[in-house]
Amino acid sequence: MKNLLLSLSFFFLLSKGYSQNYIPYYQTIVNQVSEANVLSNLTEFENLGIKRRGTTSLQNTLDWLKAEYLSYGYTASQMQEYSFTNGSSTCKNLVVTKVGTLYPNTFVIICGHYDTITGKGTNDNGSGVVTIFEVARLLQNIPTEYSIKFINFSGEEDGLVGSQNFVSSVVNATSPKMNIRLVFNIDEVGGRADMTNDTVTCERDTGSPTSNNAASNTITNELITCVQLYSPLNTYLNYAYASDYMPFEENNEVITGFFERNETPHRHTSTDLLINMDPVYVYNIAKAATGAMLHFAVAATSALASNEFNNDNQVSFFPSPAKDVLNINLGNIIDTDYSFSLIDLQGKVVINKHVENAHLIESVSLDGLSKGMYLAVLQTSNKRIAKKIIVE
């Protein structure tokens with residue numbers, strides 16, 4: 001949702017390769033964006049009705065979101081629902097977390113809202129929802145150095161209530177505070193059926209606090225380059241306003257975003273429908289967003305690395321070297337009951353722990369262990385994953 005504003009904007013076109021190189025493997029992933037999926041998911045979003053706070057349609061849409069992520073290979077342990085009060089209603093943000101291989105405690109957030117007002121909101125913001133779906137689907141089995149949070153916010157149409165709650169009750173309530181590399185917001189990218197849609201608006205921070213503006217400008221320049229490297233779209237540079245990245249911006253996080261260049265006249269009306277949009281434009285937006293997220297999260301650059309990553313069900317133990325605590329990342333294992341063992345070089349089991357109803361990340365104290373190399377073993381009813389770690 002955005003109000004129509006008269007903006008002082010300018011056309012900003014960068015040559016390919018401005019701050020990053022073209023990576024052929026990334027293009028092979030981008031080429032798997034499915035036009036059929038985009039159209040099908042837009043249709044399903046529209047059929048779910050008006051997704052207003054307190055309605056059955058909003059709850060049904062949340063259930064649909066969860067089912068989609070599960071169909072892509074994410075597990076229940078990777079999903080979290082965060083409830084918040086919105087007027088007299090309780091609404092929920094849905095967060096799906098994919099743990100990074102090198103910087104598991106630093107997050108790249110890609111987000112958009114799923115609530116609507118007045119109409120079914122197929123453009124505002126079904127277009128953002130289905131774009132995030134394609135990114136999540138294609139990155140599910142690809143290792144990324146940084147962790148990713150795919151966030152579907154509710155309460156955006158009531159004044160960014162959901163994203164404000166997430167920043168205050170999750171980001172700032174995490175100890176230490178959640179470390180966010182950047183926030184990439186996607187809101188209203190459906191285009192217009194009566195116009196040629198070949199340009200996407202890329203949004204940067206120009207507001208207060210100003211301390212994060214330079215970093216936002218750098219990230220948005222990288223976003224522009226990714227659009228040009230991995231999609232057929234042109235780019236237009238504008239400032240960020242009136243969407244779910246703003247509570248993050250006010251929290252001094254680095255933000256960027258996508259918005260349609262040809263703004264719909266159907267926003268917040270009963271005619272915000274697929275028939276008035278350009279689904280091919282959304283398909284191209286999904287390509288651009290996928291290329292950008294591969295870059296921002298620093299994805300593997302070869303299929304071999306992806307195969308190795310998935311052979312271990314994306315399970316990892318971090319940090320390594322570890323000192324006081326070792327974290328166990330369950331990856332995409334569905335079984336949340338497992339045994340964890342730590343074995344020294346003499347074959348002695350120095351830690352043996354059974355975990356029931358495990359969260360995505362569980363922690364084990366290393367208090368009293370000698371420095372050295374160990375074998376960390378996660379054992380479920382039908383999986384055994386072992387990796388070497390160092391305790392210092």
# chains A, B, ... in the order shown; residues from 1 in each chain; ligands from 1
$ select_by_dssp --residues "segment 148-327 of chain A" --states "alpha helix (DSSP H)" --output "PyMOL selection string"
chain A and resi 161-166+213-230+246-250+279-296+303-311
$ select_by_dssp --residues "segment 81-225 of chain A" --states "strand (DSSP E or B)" --output "MDAnalysis selection string"
chainID A and resid 81:86 89:98 103:113 144 146:153 179:186 199:204
$ closest_atom_pairs --of "segment 247-353 of chain A" --to "segment 26-32 of chain A" --cutoff "12 Å" --atoms "only C-alpha atoms" --output "CSV"
residue,atom,partner,partner_atom,distance
A:Tyr283,CA,A:Val30,CA,10.6
A:Asn284,CA,A:Val30,CA,9.8
A:Ile285,CA,A:Val30,CA,10.8
A:Ala286,CA,A:Val30,CA,8.4
A:Lys287,CA,A:Val30,CA,5.4
A:Ala288,CA,A:Val30,CA,7.8
A:Ala289,CA,A:Val30,CA,8.9
A:Thr290,CA,A:Val30,CA,6.0
A:Gly291,CA,A:Val30,CA,6.1
A:Ala292,CA,A:Tyr26,CA,9.5
A:Met293,CA,A:Tyr26,CA,9.9
A:Leu294,CA,A:Tyr26,CA,6.8
A:His295,CA,A:Tyr26,CA,8.4
A:Phe296,CA,A:Tyr26,CA,11.9
A:Ala297,CA,A:Tyr26,CA,12.0
A:Val298,CA,A:Tyr26,CA,10.4
A:Ala299,CA,A:Tyr26,CA,8.3
A:Ala300,CA,A:Tyr26,CA,8.7
A:Thr301,CA,A:Tyr26,CA,6.9
A:Ser302,CA,A:Tyr26,CA,8.6
A:Ala303,CA,A:Thr28,CA,9.9
A:Ser306,CA,A:Ile29,CA,11.6
$ residues_around --residues "Leu182 of chain A" --least-positions-apart "3" --cutoff "9 Å" --atoms "only C-alpha atoms" --output "mmCIF file with N, CA and C atoms, in the first residue's frame"
data_model
loop_
_atom_site.group_PDB
_atom_site.id
_atom_site.type_symbol
_atom_site.label_atom_id
_atom_site.label_comp_id
_atom_site.auth_asym_id
_atom_site.auth_seq_id
_atom_site.Cartn_x
_atom_site.Cartn_y
_atom_site.Cartn_z
ATOM 1 N N PHE A 107 21.078 -11.673 8.863
ATOM 2 C CA PHE A 107 19.904 -11.984 8.062
ATOM 3 C C PHE A 107 19.694 -11.001 6.912
ATOM 4 N N VAL A 108 19.359 -11.581 5.756
ATOM 5 C CA VAL A 108 18.812 -10.820 4.642
ATOM 6 C C VAL A 108 17.309 -11.062 4.680
ATOM 7 N N ILE A 109 16.542 -9.998 4.818
ATOM 8 C CA ILE A 109 15.085 -10.109 4.899
ATOM 9 C C ILE A 109 14.458 -9.709 3.574
ATOM 10 N N ILE A 110 13.585 -10.555 3.047
ATOM 11 C CA ILE A 110 12.750 -10.204 1.901
ATOM 12 C C ILE A 110 11.309 -10.273 2.395
ATOM 13 N N SER A 216 22.056 2.219 2.245
ATOM 14 C CA SER A 216 20.860 1.929 1.455
ATOM 15 C C SER A 216 21.078 2.295 -0.003
ATOM 16 N N ILE A 219 23.226 -0.474 -1.549
ATOM 17 C CA ILE A 219 22.457 -1.699 -1.758
ATOM 18 C C ILE A 219 21.476 -1.526 -2.914
ATOM 19 N N GLU A 253 18.040 0.260 10.158
ATOM 20 C CA GLU A 253 18.428 -0.852 9.302
ATOM 21 C C GLU A 253 18.592 -0.359 7.864
ATOM 22 N N VAL A 254 19.274 -1.147 7.062
ATOM 23 C CA VAL A 254 19.498 -0.816 5.647
ATOM 24 C C VAL A 254 18.344 -1.381 4.832
ATOM 25 N N ILE A 255 17.690 -0.544 4.040
ATOM 26 C CA ILE A 255 16.500 -0.971 3.309
ATOM 27 C C ILE A 255 16.632 -0.706 1.812
ATOM 28 N N THR A 256 15.862 -1.472 1.057
ATOM 29 C CA THR A 256 15.671 -1.233 -0.369
ATOM 30 C C THR A 256 14.326 -1.855 -0.736
ATOM 31 N N PHE A 296 22.379 -10.810 -2.794
ATOM 32 C CA PHE A 296 22.390 -10.252 -1.440
ATOM 33 C C PHE A 296 22.744 -11.293 -0.381
#
$ residues_around --residues "Ile343 of chain A" --least-positions-apart "4" --cutoff "9 Å" --atoms "only C-alpha atoms" --output "JSON, numbers by chain"
{"A": [347, 348, 349, 350, 351, 352, 373, 374, 375, 376, 377]}
$ write_last_selection --atoms "C-alpha atoms" --output "PDB file, in the first residue's frame"
ATOM      1  CA  GLY A 347      36.041 -41.911  20.126  1.00  0.00           C
ATOM      2  CA  LYS A 348      34.689 -40.922  23.552  1.00  0.00           C
ATOM      3  CA  VAL A 349      31.194 -39.436  23.635  1.00  0.00           C
ATOM      4  CA  VAL A 350      31.610 -36.236  25.665  1.00  0.00           C
ATOM      5  CA  ILE A 351      28.074 -34.897  25.109  1.00  0.00           C
ATOM      6  CA  ASN A 352      24.949 -36.935  24.527  1.00  0.00           C
ATOM      7  CA  MET A 373      38.516 -31.201  17.164  1.00  0.00           C
ATOM      8  CA  TYR A 374      35.295 -33.138  17.672  1.00  0.00           C
ATOM      9  CA  LEU A 375      32.715 -34.969  15.610  1.00  0.00           C
ATOM     10  CA  ALA A 376      29.201 -33.542  15.956  1.00  0.00           C
ATOM     11  CA  VAL A 377      26.488 -36.098  15.191  1.00  0.00           C
TER      12      VAL A 377
END
$ residues_around --residues "Ile224 of chain A" --least-positions-apart "3" --cutoff "9 Å" --atoms "only C-alpha atoms" --output "list in words"
Phe12, Leu13, Leu14, Cys202, Ile219, Thr220, Asn221, Val227, Gln228, Leu229, Asn234, Thr235, Tyr236, Leu237 and Ala292 of chain A
$ write_last_selection --atoms "N, CA and C atoms" --output "mmCIF file, in the first residue's frame"
data_model
loop_
_atom_site.group_PDB
_atom_site.id
_atom_site.type_symbol
_atom_site.label_atom_id
_atom_site.label_comp_id
_atom_site.auth_asym_id
_atom_site.auth_seq_id
_atom_site.Cartn_x
_atom_site.Cartn_y
_atom_site.Cartn_z
ATOM 1 N N PHE A 12 17.407 6.399 -13.330
ATOM 2 C CA PHE A 12 18.753 6.032 -12.900
ATOM 3 C C PHE A 12 19.111 4.718 -13.547
ATOM 4 N N LEU A 13 19.987 4.744 -14.516
ATOM 5 C CA LEU A 13 20.335 3.535 -15.249
ATOM 6 C C LEU A 13 21.819 3.303 -15.124
ATOM 7 N N LEU A 14 22.189 2.156 -14.604
ATOM 8 C CA LEU A 14 23.601 1.826 -14.429
ATOM 9 C C LEU A 14 24.025 0.802 -15.454
ATOM 10 N N CYS A 202 13.077 1.095 -8.144
ATOM 11 C CA CYS A 202 13.955 0.608 -7.075
ATOM 12 C C CYS A 202 14.064 1.724 -6.039
ATOM 13 N N ILE A 219 23.226 -0.474 -1.549
ATOM 14 C CA ILE A 219 22.457 -1.699 -1.758
ATOM 15 C C ILE A 219 21.476 -1.526 -2.914
ATOM 16 N N THR A 220 20.851 -0.361 -3.004
ATOM 17 C CA THR A 220 19.880 -0.130 -4.080
ATOM 18 C C THR A 220 20.580 -0.060 -5.427
ATOM 19 N N ASN A 221 21.784 0.488 -5.475
ATOM 20 C CA ASN A 221 22.568 0.439 -6.716
ATOM 21 C C ASN A 221 22.862 -1.003 -7.120
ATOM 22 N N VAL A 227 18.828 -6.257 -11.368
ATOM 23 C CA VAL A 227 17.680 -6.200 -12.282
ATOM 24 C C VAL A 227 18.158 -6.263 -13.725
ATOM 25 N N GLN A 228 19.172 -5.506 -14.026
ATOM 26 C CA GLN A 228 19.670 -5.431 -15.398
ATOM 27 C C GLN A 228 20.441 -6.667 -15.815
ATOM 28 N N LEU A 229 21.090 -7.328 -14.848
ATOM 29 C CA LEU A 229 21.847 -8.533 -15.167
ATOM 30 C C LEU A 229 20.952 -9.743 -15.400
ATOM 31 N N ASN A 234 13.921 -2.532 -17.168
ATOM 32 C CA ASN A 234 14.668 -1.305 -16.905
ATOM 33 C C ASN A 234 14.428 -0.897 -15.459
ATOM 34 N N THR A 235 15.170 0.104 -14.987
ATOM 35 C CA THR A 235 15.065 0.526 -13.591
ATOM 36 C C THR A 235 14.841 2.024 -13.484
ATOM 37 N N TYR A 236 14.154 2.408 -12.408
ATOM 38 C CA TYR A 236 13.864 3.805 -12.090
ATOM 39 C C TYR A 236 14.113 3.975 -10.603
ATOM 40 N N LEU A 237 14.907 4.948 -10.244
ATOM 41 C CA LEU A 237 15.292 5.146 -8.844
ATOM 42 C C LEU A 237 14.352 6.126 -8.163
ATOM 43 N N ALA A 292 18.471 -10.798 -7.416
ATOM 44 C CA ALA A 292 18.931 -9.911 -6.352
ATOM 45 C C ALA A 292 19.167 -10.674 -5.051
#
$ closest_residue --among "A:Gln140, A:Ser147, A:Ser211, A:Ser270" --to "Glu46 of chain A" --atoms "only C-alpha atoms"
A:Ser270
$ closest_residue --among "A:Ser83, A:Asn123, A:Thr144, A:Thr131" --to "Ser169 of chain A" --atoms "only C-alpha atoms"
A:Ser83
$ residues_around --residues "Asp244 of chain A" --least-positions-apart "3" --cutoff "7 Å" --atoms "only C-alpha atoms" --output "compact mmCIF listing (two decimals) with N, CA and C atoms, in the first residue's frame"
# COMPACT_ATOMS: atom_id res chain seq x y z
N GLY A 112 6.95 -8.63 2.35
CA GLY A 112 5.81 -7.98 1.71
C GLY A 112 4.56 -8.33 2.50
N GLU A 156 -0.37 -4.24 7.33
CA GLU A 156 0.26 -3.14 6.59
C GLU A 156 -0.76 -2.07 6.23
N LEU A 160 1.11 -0.08 8.78
CA LEU A 160 2.38 -0.80 9.00
C LEU A 160 2.43 -1.43 10.40
N SER A 163 4.64 -4.86 10.66
CA SER A 163 6.10 -4.69 10.58
C SER A 163 6.62 -3.90 11.76
N ASN A 185 12.01 -5.02 0.48
CA ASN A 185 10.56 -5.02 0.54
C ASN A 185 9.95 -5.02 -0.87
N PRO A 247 9.40 0.82 9.24
CA PRO A 247 9.79 0.59 10.63
C PRO A 247 11.24 0.11 10.77
$ decode --residues "segment 30-53 of chain A" --atoms "N, CA and C atoms" --output "JSON list (two decimals), in the first residue's frame"
[["chain", "number", "residue", "atom", "x", "y", "z"],
["A", 30, "VAL", "N", 17.56, -18.18, -11.98],
["A", 30, "VAL", "CA", 16.56, -17.18, -12.38],
["A", 30, "VAL", "C", 15.69, -17.70, -13.52],
["A", 31, "ASN", "N", 16.29, -18.43, -14.44],
["A", 31, "ASN", "CA", 15.54, -18.96, -15.58],
["A", 31, "ASN", "C", 14.48, -19.98, -15.18],
["A", 32, "GLN", "N", 14.54, -20.45, -13.92],
["A", 32, "GLN", "CA", 13.55, -21.40, -13.43],
["A", 32, "GLN", "C", 12.33, -20.73, -12.81],
["A", 33, "VAL", "N", 12.33, -19.40, -12.76],
["A", 33, "VAL", "CA", 11.11, -18.70, -12.34],
["A", 33, "VAL", "C", 9.99, -19.13, -13.27],
["A", 34, "SER", "N", 8.85, -19.47, -12.72],
["A", 34, "SER", "CA", 7.76, -20.06, -13.48],
["A", 34, "SER", "C", 6.64, -19.06, -13.72],
["A", 35, "GLU", "N", 6.40, -18.73, -14.99],
["A", 35, "GLU", "CA", 5.30, -17.85, -15.33],
["A", 35, "GLU", "C", 3.96, -18.49, -14.96],
["A", 36, "ALA", "N", 3.88, -19.82, -15.11],
["A", 36, "ALA", "CA", 2.66, -20.54, -14.74],
["A", 36, "ALA", "C", 2.40, -20.44, -13.24],
["A", 37, "ASN", "N", 3.46, -20.57, -12.43],
["A", 37, "ASN", "CA", 3.30, -20.44, -10.98],
["A", 37, "ASN", "C", 2.80, -19.05, -10.61],
["A", 38, "VAL", "N", 3.39, -18.04, -11.22],
["A", 38, "VAL", "CA", 3.00, -16.67, -10.93],
["A", 38, "VAL", "C", 1.52, -16.46, -11.21],
["A", 39, "LEU", "N", 1.07, -16.89, -12.37],
["A", 39, "LEU", "CA", -0.33, -16.71, -12.75],
["A", 39, "LEU", "C", -1.26, -17.52, -11.83],
["A", 40, "SER", "N", -0.88, -18.76, -11.55],
["A", 40, "SER", "CA", -1.70, -19.61, -10.70],
["A", 40, "SER", "C", -1.81, -19.04, -9.29],
["A", 41, "ASN", "N", -0.70, -18.56, -8.75],
["A", 41, "ASN", "CA", -0.71, -18.03, -7.38],
["A", 41, "ASN", "C", -1.45, -16.70, -7.29],
["A", 42, "LEU", "N", -1.34, -15.87, -8.32],
["A", 42, "LEU", "CA", -2.13, -14.64, -8.35],
["A", 42, "LEU", "C", -3.63, -14.96, -8.35],
["A", 43, "THR", "N", -4.00, -15.97, -9.12],
["A", 43, "THR", "CA", -5.41, -16.39, -9.18],
["A", 43, "THR", "C", -5.88, -16.90, -7.82],
["A", 44, "GLU", "N", -5.04, -17.71, -7.17],
["A", 44, "GLU", "CA", -5.41, -18.24, -5.85],
["A", 44, "GLU", "C", -5.53, -17.12, -4.82],
["A", 45, "PHE", "N", -4.59, -16.18, -4.87],
["A", 45, "PHE", "CA", -4.65, -15.05, -3.93],
["A", 45, "PHE", "C", -5.95, -14.28, -4.11],
["A", 46, "GLU", "N", -6.30, -14.02, -5.35],
["A", 46, "GLU", "CA", -7.53, -13.28, -5.63],
["A", 46, "GLU", "C", -8.75, -14.05, -5.13],
["A", 47, "ASN", "N", -8.75, -15.35, -5.33],
["A", 47, "ASN", "CA", -9.91, -16.17, -4.93],
["A", 47, "ASN", "C", -10.09, -16.24, -3.42],
["A", 48, "LEU", "N", -9.06, -15.89, -2.66],
["A", 48, "LEU", "CA", -9.16, -15.92, -1.21],
["A", 48, "LEU", "C", -9.95, -14.75, -0.65],
["A", 49, "GLY", "N", -10.28, -13.77, -1.47],
["A", 49, "GLY", "CA", -11.18, -12.71, -1.06],
["A", 49, "GLY", "C", -10.50, -11.51, -0.44],
["A", 50, "ILE", "N", -11.28, -10.72, 0.30],
["A", 50, "ILE", "CA", -10.79, -9.49, 0.93],
["A", 50, "ILE", "C", -10.15, -9.86, 2.27],
["A", 51, "LYS", "N", -8.86, -9.60, 2.38],
["A", 51, "LYS", "CA", -8.06, -10.10, 3.51],
["A", 51, "LYS", "C", -7.90, -9.03, 4.58],
["A", 52, "ARG", "N", -9.03, -8.67, 5.14],
["A", 52, "ARG", "CA", -9.07, -7.62, 6.16],
["A", 52, "ARG", "C", -8.86, -8.23, 7.53],
["A", 53, "ARG", "N", -8.37, -7.41, 8.46],
["A", 53, "ARG", "CA", -8.15, -7.88, 9.83],
["A", 53, "ARG", "C", -9.44, -8.45, 10.40]]
